[in-house]
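The structure file structure29.cif is reproduced below (mmCIF, C-alpha atoms and all ligand atoms).
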```cif
data_target
#
loop_
_atom_site.label_atom_id
_atom_site.label_comp_id
_atom_site.auth_asym_id
_atom_site.auth_seq_id
_atom_site.Cartn_x
_atom_site.Cartn_y
_atom_site.Cartn_z
CA MET A 1 -13.39 -16.95 20.23
CA LYS A 2 -11.53 -17.01 16.93
CA VAL A 3 -7.87 -16.87 16.10
CA LYS A 4 -6.89 -15.97 12.57
CA ILE A 5 -3.39 -16.42 11.31
CA LEU A 6 -1.78 -14.59 8.46
CA LEU A 7 1.54 -15.43 6.88
CA SER A 8 3.20 -12.65 4.95
CA ASN A 9 6.71 -13.23 3.57
CA THR A 10 6.97 -16.15 5.92
CA LYS A 11 7.85 -19.69 4.91
CA PHE A 12 6.84 -22.30 7.43
CA GLN A 13 6.85 -26.02 6.96
CA LYS A 14 3.62 -27.87 7.34
CA LYS A 15 4.88 -29.26 10.63
CA ASP A 16 5.64 -25.72 11.78
CA GLU A 17 2.06 -24.80 11.15
CA GLU A 18 0.77 -27.74 13.11
CA PHE A 19 3.05 -26.77 15.88
CA ILE A 20 1.91 -23.20 15.96
CA ASN A 21 -1.68 -24.38 16.07
CA LYS A 22 -0.86 -26.55 19.05
CA PHE A 23 1.05 -23.75 20.68
CA ILE A 24 -1.83 -21.32 20.31
CA LYS A 25 -4.22 -23.82 21.86
CA PHE A 26 -1.74 -24.25 24.67
CA LEU A 27 -1.51 -20.50 25.22
CA GLN A 28 -5.28 -20.38 25.34
CA THR A 29 -5.30 -22.92 28.20
CA GLN A 30 -2.77 -20.88 30.16
CA TYR A 31 -3.81 -17.33 29.31
CA PRO A 32 -7.32 -17.49 27.93
CA LEU A 33 -8.55 -14.71 25.69
CA GLU A 34 -12.21 -14.02 25.00
CA LYS A 35 -12.10 -11.65 22.08
CA ASN A 36 -10.99 -12.64 18.59
CA VAL A 37 -7.30 -12.30 17.84
CA ILE A 38 -5.42 -11.94 14.58
CA ILE A 39 -1.84 -13.13 14.49
CA LYS A 40 0.32 -11.91 11.63
CA PHE A 41 3.69 -13.45 10.88
CA LEU A 42 5.49 -10.78 8.98
CA GLY A 43 8.79 -12.05 7.64
CA ASP A 44 11.71 -9.65 7.75
CA ARG A 45 12.09 -6.69 10.03
CA GLU A 46 10.35 -3.61 8.73
CA GLY A 47 11.21 -0.12 9.91
CA LYS A 48 11.37 0.26 13.64
CA MET A 49 9.36 -2.81 14.56
CA SER A 50 10.95 -5.00 17.20
CA THR A 51 10.39 -8.77 17.11
CA GLY A 52 6.74 -8.43 18.14
CA SER A 53 3.99 -5.90 18.63
CA ARG A 54 0.23 -5.63 18.86
CA THR A 55 -2.47 -3.08 18.18
CA ASP A 56 -5.48 -2.15 20.29
CA LYS A 57 -7.58 -3.99 17.72
CA SER A 58 -6.16 -7.31 18.96
CA VAL A 59 -3.73 -7.79 16.10
CA ILE A 60 -0.53 -9.49 17.20
CA LYS A 61 2.41 -9.08 14.85
CA VAL A 62 5.44 -11.34 15.00
CA LEU A 63 8.54 -11.23 12.82
CA ALA A 64 9.18 -14.73 11.48
CA LYS A 65 10.90 -15.45 8.21
CA ASP A 66 11.96 -18.99 7.41
CA ARG A 67 11.62 -21.45 10.24
CA LEU A 68 9.93 -21.78 13.50
CA ASN A 69 12.29 -21.27 16.41
CA ARG A 70 12.18 -20.53 20.11
CA ASP A 71 12.50 -16.78 19.63
CA ILE A 72 9.41 -16.74 17.47
CA MET A 73 7.48 -18.86 19.98
CA ARG A 74 8.66 -16.66 22.84
CA THR A 75 7.69 -13.48 21.01
CA LEU A 76 4.26 -14.86 20.23
CA ALA A 77 3.78 -15.95 23.85
CA HIS A 78 4.95 -12.56 25.07
CA GLU A 79 2.43 -10.68 22.95
CA TRP A 80 -0.31 -13.15 23.84
CA VAL A 81 0.30 -12.48 27.54
CA HIS A 82 0.02 -8.73 26.87
CA GLU A 83 -3.27 -9.33 25.08
CA HIS A 84 -4.49 -11.23 28.14
CA GLN A 85 -3.37 -8.39 30.44
CA ARG A 86 -5.15 -5.81 28.32
CA THR A 87 -8.44 -7.55 27.51
CA ILE A 88 -8.99 -9.94 30.43
CA LEU A 89 -7.19 -8.33 33.36
CA LYS A 90 -8.16 -4.85 32.06
CA ARG A 91 -4.85 -3.41 33.09
CA GLU A 92 -4.58 0.19 32.11
CA HIS A 93 -0.90 0.61 31.57
CA GLY A 94 0.90 -0.51 28.50
CA PRO A 95 3.87 -2.82 28.27
CA ASN A 96 6.54 -0.35 29.42
CA ILE A 97 10.03 -1.63 30.00
CA GLY A 98 10.49 -2.14 33.74
CA GLY A 99 6.74 -2.05 34.27
CA ARG A 100 4.69 -4.84 35.78
CA ASN A 101 3.09 -5.90 32.49
CA GLU A 102 6.40 -6.14 30.70
CA ASP A 103 8.16 -8.03 33.47
CA GLU A 104 5.36 -10.56 33.62
CA ALA A 105 5.22 -11.04 29.88
CA ASN A 106 8.96 -11.62 29.74
CA ALA A 107 8.97 -14.09 32.59
CA PHE A 108 5.88 -15.99 31.46
CA ALA A 109 6.84 -16.14 27.78
CA GLY A 110 10.02 -18.05 28.52
CA ARG A 111 8.20 -20.33 30.94
CA LEU A 112 5.38 -21.01 28.46
CA VAL A 113 7.82 -22.13 25.79
CA LYS A 114 9.56 -24.43 28.25
CA MET A 115 6.30 -25.96 29.45
CA PHE A 116 5.22 -26.48 25.87
CA GLU A 117 8.49 -28.15 24.90
CA LYS A 118 8.10 -30.53 27.79
CA LYS A 119 4.64 -31.41 26.61
CA TYR A 120 5.74 -31.83 22.98
CA PRO A 121 9.35 -33.10 22.98
CA GLU A 122 9.34 -33.44 19.18
CA LEU A 123 9.60 -29.65 18.95
CA GLU A 124 13.36 -29.92 19.24
CA SER A 125 13.78 -31.87 15.98
CA LEU A 126 11.18 -29.79 14.17
CA MET A 127 13.02 -26.60 14.69
CA TYR A 128 16.19 -27.69 12.96
CA GLU A 129 14.98 -29.28 9.77
CA SER A 130 15.90 -27.18 6.79
CA LYS A 131 13.35 -27.84 4.04
CA THR A 132 10.94 -24.98 3.54
CA PHE A 133 7.38 -25.10 2.44
CA ASN A 134 5.31 -22.31 0.96
CA SER A 135 2.36 -22.40 3.23
CA LYS A 136 -1.12 -21.27 2.57
CA ILE A 137 -2.99 -19.49 5.26
CA ASN A 138 -6.04 -21.73 5.05
CA LEU A 139 -4.00 -24.72 6.21
CA LEU A 140 -3.51 -22.96 9.47
CA THR A 141 -6.77 -21.28 10.15
CA GLU A 142 -8.87 -24.35 9.53
CA LYS A 143 -7.11 -26.24 12.21
CA ILE A 144 -6.80 -23.83 15.02
CA PHE A 145 -9.60 -24.43 17.43
CA GLU A 146 -12.04 -27.29 17.40
CA ASN A 147 -14.93 -24.90 16.96
CA GLU A 148 -13.24 -23.18 14.07
CA LYS A 149 -13.45 -26.04 11.59
CA ASN A 150 -16.01 -24.32 9.46
CA GLU A 151 -14.04 -21.18 9.04
CA SER A 152 -14.49 -20.20 5.43
CA LYS A 153 -11.75 -18.96 3.16
CA LYS A 154 -13.73 -15.80 2.59
CA SER A 155 -13.10 -14.54 6.07
CA LEU A 156 -9.36 -14.96 5.92
CA LEU A 157 -7.33 -11.85 6.18
CA ASN A 158 -4.65 -10.76 3.82
CA GLU A 159 -2.06 -8.17 4.51
CA MET A 160 -2.58 -5.15 2.28
CA LYS A 161 0.17 -5.18 -0.30
CA LYS A 162 2.69 -2.40 -0.03
CA ILE A 163 2.50 0.20 -2.77
CA GLY A 164 5.90 0.65 -4.39
CA ILE A 165 7.78 3.74 -5.57
CA GLU A 166 8.11 4.33 -9.32
CA ASN A 167 11.57 5.27 -10.49
CA LEU A 168 12.05 8.65 -12.09
CA PRO A 169 12.88 7.71 -15.72
CA TYR A 170 15.30 10.65 -16.30
CA SER A 171 17.56 12.97 -14.31
CA TYR A 172 16.25 15.89 -12.25
CA SER A 173 17.81 18.39 -14.64
CA SER A 174 16.79 16.79 -17.92
CA LEU A 175 13.46 18.62 -18.20
CA SER A 176 15.03 22.04 -17.62
CA ARG A 177 13.10 23.70 -20.43
CA PHE A 178 10.00 22.92 -18.40
CA ILE A 179 11.13 22.66 -14.78
CA ASP A 180 14.33 23.24 -12.79
CA SER A 181 16.20 20.36 -11.18
CA LYS A 182 15.64 21.55 -7.62
CA THR A 183 11.86 21.52 -8.03
CA MET A 184 12.06 18.14 -9.71
CA ASN A 185 14.17 16.73 -6.90
CA VAL A 186 11.89 18.01 -4.12
CA HIS A 187 8.77 17.08 -6.08
CA TYR A 188 9.92 13.50 -6.59
CA ASN A 189 11.74 12.81 -3.34
CA LYS A 190 9.64 14.75 -0.86
CA HIS A 191 6.14 15.19 -2.24
CA TYR A 192 5.70 12.00 -4.28
CA LYS A 193 7.53 9.66 -1.91
CA GLY A 194 5.65 11.33 0.94
CA TYR A 195 2.32 10.34 -0.63
CA VAL A 196 3.42 6.73 -1.10
CA ASP A 197 4.76 6.58 2.42
CA LYS A 198 1.61 8.01 4.00
CA LEU A 199 -0.54 5.76 1.85
CA ASN A 200 1.26 2.65 3.06
CA LYS A 201 0.92 3.83 6.65
CA ALA A 202 -2.79 4.45 6.16
CA LEU A 203 -3.26 0.97 4.63
CA LYS A 204 -1.23 -0.83 7.28
CA ASP A 205 -4.12 -2.18 9.29
CA LYS A 206 -6.53 -2.58 6.40
CA ASP A 207 -7.46 -5.97 4.97
CA GLY A 208 -7.31 -7.08 1.37
CA GLU A 209 -4.83 -7.34 -1.39
CA MET A 210 -5.31 -4.52 -3.86
CA THR A 211 -3.16 -2.77 -6.39
CA LEU A 212 -2.97 1.01 -6.51
CA ASP A 213 -5.25 1.00 -9.60
CA GLN A 214 -7.85 -1.05 -7.76
CA ILE A 215 -7.75 1.27 -4.76
CA ILE A 216 -8.24 4.29 -7.05
CA LYS A 217 -11.16 2.63 -8.85
CA SER A 218 -12.92 1.87 -5.57
CA ILE A 219 -11.84 4.97 -3.68
CA ASN A 220 -15.31 5.56 -2.23
CA LYS A 221 -14.62 2.64 0.12
CA PHE A 222 -11.72 4.46 1.74
CA ASP A 223 -11.34 7.50 3.94
CA GLU A 224 -10.03 10.90 2.96
CA LYS A 225 -6.49 10.14 4.02
CA VAL A 226 -6.30 7.20 1.61
CA ARG A 227 -8.06 9.22 -1.11
CA ASN A 228 -5.51 12.03 -0.93
CA ASN A 229 -2.43 9.84 -0.67
CA ALA A 230 -3.49 7.11 -3.09
CA GLY A 231 -4.36 9.90 -5.54
CA GLY A 232 -0.97 11.52 -4.96
CA ALA A 233 0.85 8.20 -5.43
CA PHE A 234 -1.10 7.26 -8.57
CA ASN A 235 -1.09 10.69 -10.26
CA HIS A 236 2.62 11.30 -9.79
CA ALA A 237 3.64 7.78 -10.85
CA LEU A 238 1.80 8.46 -14.12
CA PHE A 239 3.00 12.05 -14.37
CA TRP A 240 6.71 11.09 -14.34
CA LYS A 241 6.13 8.81 -17.30
CA MET A 242 4.07 11.38 -19.16
CA LEU A 243 7.11 13.66 -19.39
CA SER A 244 10.11 13.19 -21.64
CA PRO A 245 13.50 14.91 -21.97
CA LYS A 246 13.25 14.37 -25.72
CA LYS A 247 10.93 16.75 -27.56
CA GLN A 248 8.09 14.78 -29.14
CA LEU A 249 5.11 15.58 -31.34
CA PRO A 250 1.85 13.70 -31.08
CA SER A 251 1.64 10.88 -33.59
CA GLY A 252 0.00 7.54 -34.23
CA GLU A 253 -3.46 6.52 -33.09
CA ILE A 254 -3.71 9.16 -30.36
CA LEU A 255 -3.13 11.93 -32.91
CA GLU A 256 -5.90 10.58 -35.12
CA LYS A 257 -8.22 10.30 -32.16
CA ILE A 258 -7.48 13.86 -30.99
CA LYS A 259 -8.23 15.18 -34.48
CA LYS A 260 -11.43 13.18 -34.57
CA ASP A 261 -12.72 14.29 -31.16
CA PHE A 262 -11.39 17.88 -30.96
CA GLY A 263 -10.92 18.90 -34.61
CA ASN A 264 -7.20 19.52 -34.22
CA ILE A 265 -4.35 19.46 -31.68
CA LYS A 266 -4.59 23.17 -30.96
CA LYS A 267 -8.22 22.93 -29.90
CA MET A 268 -7.41 20.10 -27.54
CA LYS A 269 -4.49 22.05 -26.07
CA ASP A 270 -6.59 25.18 -25.65
CA GLU A 271 -9.24 23.31 -23.75
CA PHE A 272 -6.61 21.56 -21.61
CA ASN A 273 -4.84 24.88 -20.89
CA GLU A 274 -8.11 26.50 -19.79
CA ALA A 275 -8.83 23.62 -17.43
CA ALA A 276 -5.33 23.87 -15.98
CA LYS A 277 -5.56 27.67 -15.55
CA ASP A 278 -9.07 27.62 -14.11
CA ARG A 279 -8.34 24.99 -11.48
CA PHE A 280 -8.63 27.08 -8.33
CA GLY A 281 -5.99 26.14 -5.76
CA SER A 282 -4.32 22.74 -6.04
CA GLY A 283 -5.20 20.04 -8.53
CA TRP A 284 -4.63 18.51 -11.93
CA ALA A 285 -5.67 18.97 -15.56
CA TRP A 286 -6.37 15.84 -17.59
CA LEU A 287 -6.82 14.54 -21.09
CA TYR A 288 -8.67 11.26 -20.55
CA LEU A 289 -10.57 8.52 -22.29
CA SER A 290 -14.19 8.70 -21.16
CA LYS A 291 -16.27 5.59 -20.52
CA ASN A 292 -18.04 5.88 -23.84
CA GLY A 293 -14.75 6.04 -25.69
CA ASP A 294 -14.37 9.78 -26.36
CA LEU A 295 -11.36 11.86 -25.44
CA LYS A 296 -12.28 14.49 -22.86
CA ILE A 297 -10.68 17.23 -20.80
CA MET A 298 -11.30 17.84 -17.12
CA SER A 299 -9.61 19.23 -14.08
CA THR A 300 -9.78 17.71 -10.61
CA PRO A 301 -9.11 19.25 -7.19
CA ASN A 302 -6.42 18.05 -4.77
CA GLN A 303 -5.11 14.61 -5.80
CA ASP A 304 -8.31 13.35 -7.41
CA ASN A 305 -8.25 11.97 -10.95
CA PRO A 306 -10.75 10.79 -13.59
CA LEU A 307 -10.27 7.13 -12.65
CA MET A 308 -11.64 7.61 -9.12
CA ASN A 309 -15.16 6.28 -8.85
CA VAL A 310 -16.18 9.41 -6.94
CA VAL A 311 -15.33 11.65 -9.93
CA LYS A 312 -18.31 12.36 -12.21
CA ASN A 313 -18.05 11.55 -15.92
CA GLY A 314 -14.62 10.07 -15.38
CA GLY A 315 -12.55 7.64 -17.36
CA PHE A 316 -8.94 6.66 -17.87
CA PRO A 317 -6.27 9.41 -17.63
CA LEU A 318 -3.98 9.65 -20.66
CA LEU A 319 -2.17 12.91 -19.98
CA GLY A 320 -2.09 14.91 -16.76
CA LEU A 321 -0.56 18.14 -15.55
CA ASP A 322 0.15 18.78 -11.88
CA VAL A 323 -0.91 22.36 -11.11
CA TRP A 324 -0.07 22.28 -7.42
CA GLU A 325 2.27 25.13 -6.55
CA HIS A 326 4.80 22.53 -5.33
CA ALA A 327 5.22 21.53 -9.00
CA TYR A 328 6.22 24.95 -10.35
CA TYR A 329 6.47 27.75 -7.79
CA LEU A 330 10.28 27.92 -7.47
CA LYS A 331 10.72 28.50 -11.18
CA TYR A 332 7.50 30.27 -12.13
CA GLN A 333 6.09 31.79 -8.90
CA ASN A 334 2.59 33.00 -9.78
CA LYS A 335 2.99 32.48 -13.53
CA ARG A 336 1.07 29.26 -13.91
CA ASP A 337 0.27 30.18 -17.55
CA GLU A 338 3.92 29.96 -18.51
CA TYR A 339 4.35 26.64 -16.73
CA ILE A 340 1.35 25.26 -18.64
CA LYS A 341 2.69 26.56 -21.95
CA ASN A 342 6.11 24.94 -21.44
CA PHE A 343 4.52 21.65 -20.44
CA TRP A 344 3.75 20.90 -24.10
CA ASP A 345 7.51 20.85 -24.82
CA VAL A 346 8.06 17.82 -22.60
CA VAL A 347 4.99 15.66 -23.17
CA ASN A 348 5.89 12.01 -23.75
CA TRP A 349 3.46 11.39 -26.62
CA GLU A 350 4.81 7.91 -27.17
CA PHE A 351 3.72 6.97 -23.67
CA VAL A 352 0.35 8.73 -24.07
CA ASN A 353 -0.23 6.74 -27.25
CA GLU A 354 0.70 3.49 -25.48
CA LEU A 355 -1.75 4.26 -22.69
CA TYR A 356 -4.44 5.01 -25.24
CA LEU A 357 -3.77 1.77 -27.14
CA SER A 358 -3.72 -0.27 -23.94
CA LYS A 359 -7.26 0.90 -23.21
CA THR A 360 -8.70 0.61 -26.71
CA GLN A 361 -7.07 -2.36 -28.43
CA LYS A 362 -8.85 -5.63 -28.14
CA LYS A 363 -6.80 -8.32 -26.48
MN MN A 401 2.89 17.10 -7.32
#
```

What does the file become when written as structure tokens?
Ligand code: MN
Amino acid sequence: MKVKILLSNTKFQKKDEEFINKFIKFLQTQYPLEKNVIIKFLGDREGKMSTGSRTDKSVIKVLAKDRLNRDIMRTLAHEWVHEHQRTILKREHGPNIGGRNEDEANAFAGRLVKMFEKKYPELESLMYESKTFNSKINLLTEKIFENEKNESKKSLLNEMKKIGIENLPYSYSSLSRFIDSKTMNVHYNKHYKGYVDKLNKALKDKDGEMTLDQIIKSINKFDEKVRNNAGGAFNHALFWKMLSPKKQLPSGEILEKIKKDFGNIKKMKDEFNEAAKDRFGSGWAWLYLSKNGDLKIMSTPNQDNPLMNVVKNGGFPLLGLDVWEHAYYLKYQNKRDEYIKNFWDVVNWEFVNELYLSKTQKK
């Protein structure tokens, strides 16, 4: 039986860690578990989570920020008892307030902490020292059970990093020659933030520490839910930056490259416009840098993009246009053509050029 411990936004002292190791061994003598357990110490309160919870995959989550204290020990004991009830006693009902499982967990958690304190009287002083120590997870996991000494670092779990929200770099009304402020507001606050939110929920119980770019580049490893929402989060975060309230003309290296690969700007735009118009249903049109270094145009369905490793002949997106109806319907209804035409008035060519340079200049 293995116990893995993860610290996320939690600062324990080394002594705290030793103590938790001892405490877990103690819990195992009182309420043995047979299946592997993961214990995550999660730092500050997030959303609706109470001080502790667990999943049916034997993941125990405990809020613990700076120092070890009795509440943290009690919460851990409480969840451990529930895990014992579920996996060893095979009790069907969950930990409902007033129910047998909950009453037992409450009563036993307090008693377990007391018994433990009696056994290790130095706990008292430990809990009130104030120095903090940035702990590494391997310090903990290597010490947990005698038979766990050979636990390798490779098998340690990391909490999947939360994907953040990009700020909108202008006001909702500042692109009015392209899109109205109401659409912009709903697009940013409801659709885009919705993708990020659903993505984080979908990643919650996944292992690994990946950035949004890395997820997109290895999207074949994830399910459809992650594909749609990671795509939505990534595409929109780029899209906001690809637009500018200030009218700009293409210039610099990207202009030269467009002329070289398409002949002139108009030819590139024509091809892009066709891709945007021809995209049946929801999706995106892209100008992108292909893997062999040429500029290319493509359109993708749903929230896919050229950077996803499931997209054929892909590459790095430089300019994208959202052709979902949520992006234009209030202002344009069925006139997607007009929406596409006005898009060229708000392209942030400076940003497109920066993206292009970031992918082509040698570091
Ligand atoms: Mn959109």

**Request:** May I have the residues within 7 Å of Asn348 (chain A) as an MDAnalysis selection string, using all atoms listed in the file and disregarding those fewer than 6 positions away in the same chain?
**Result:** chainID A and resid 242:244 248

**Request:** Mind giving me the straight-line distance from CA of Pro250 (chain A) to CA of Trp349 (chain A) in Å, one decimal?
**Result:** 5.3 Å

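The protein and nucleic acid residues lying at most 12 Å from Ser171 (chain A) are Asn167, Leu175, Ser176, Ile179, Asp180, Ser181, Lys182, Met184, Asn185, Tyr188, Trp240, Leu243, Ser244 and Pro245 of chain A, with only C-alpha atoms considered and sequence neighbours fewer than 4 positions away removed.
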
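Going from CA of Lys269 (chain A) over to CA of Leu287 (chain A), you cover 9.3 Å.
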
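Nearest-residue note for Asn228 (chain A): choosing from A:Asn302, A:Ser53, A:Gln214, A:Asn309, the minimum distance belongs to A:Asn302, counting only C-alpha atoms.
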
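Put simply, CA of Lys267 (chain A) is 18.6 Å away from CA of Val346 (chain A).
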
**Surroundings of ligand MN 401 (chain A) up to 12 Å, based on only C-alpha atoms and all ligand atoms, as an MDAnalysis selection string** = chainID A and resid 183:195 228:229 231:240 282:284 302:304 320:329

**Item:** Minimum-distance residue to Pro32 (chain A), chosen among A:Glu117, A:Asp71, A:Asp44, A:Glu83 (using all atoms listed in the file)
**Value:** A:Glu83

**Message:** What's around Phe116 (chain A) at 10 Å? Count only C-alpha atoms, leave out sequence neighbours fewer than 6 positions away in its own chain, and write the answer as a VMD selection string.
**Reply:** chain A and resid 22 to 23 26 to 27 73 123

Include C-alpha atoms and write out the residues we just selected as a PDB file, in the frame of the given file.
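Generated output (again.pdb):
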```pdb
ATOM      1  CA  LYS A  22      -0.860 -26.550  19.050  1.00  0.00           C
ATOM      2  CA  PHE A  23       1.050 -23.750  20.680  1.00  0.00           C
ATOM      3  CA  PHE A  26      -1.740 -24.250  24.670  1.00  0.00           C
ATOM      4  CA  LEU A  27      -1.510 -20.500  25.220  1.00  0.00           C
ATOM      5  CA  MET A  73       7.480 -18.860  19.980  1.00  0.00           C
ATOM      6  CA  LEU A 123       9.600 -29.650  18.950  1.00  0.00           C
TER       7      LEU A 123
END
```

**Request:** Give me the residues within 10 Å of Gly110 (chain A) as a ChimeraX atom specification, counting all atoms listed in the file and dropping any in the same chain fewer than 6 places off.
**Result:** /A:70-71,73-75,77-78

**Request:** Using only C-alpha atoms, collect all residues at a distance of at most 7 Å from (-9.0, 5.9, -7.5) as written in the file, then present them as a PyMOL selection string.
**Result:** chain A and resi 213+215-219+231+307-309

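Nearest residue to Leu319 (chain A), choosing from A:Lys291, A:Lys241, A:His82, A:Lys162 and counting all atoms listed in the file: A:Lys241.
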
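Once Asp56 (chain A) and its same-chain neighbours fewer than 3 positions away are set aside, Val59, Ile60, Glu83, Arg86 and Thr87 of chain A remain within 10 Å of it when counting only C-alpha atoms.
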
Output C-alpha atoms for every residue in the selection just made, as a PDB file, keeping the file's coordinate frame.
```
ATOM      1  CA  VAL A  59      -3.730  -7.790  16.100  1.00  0.00           C
ATOM      2  CA  ILE A  60      -0.530  -9.490  17.200  1.00  0.00           C
ATOM      3  CA  GLU A  83      -3.270  -9.330  25.080  1.00  0.00           C
ATOM      4  CA  ARG A  86      -5.150  -5.810  28.320  1.00  0.00           C
ATOM      5  CA  THR A  87      -8.440  -7.550  27.510  1.00  0.00           C
TER       6      THR A  87
END
```
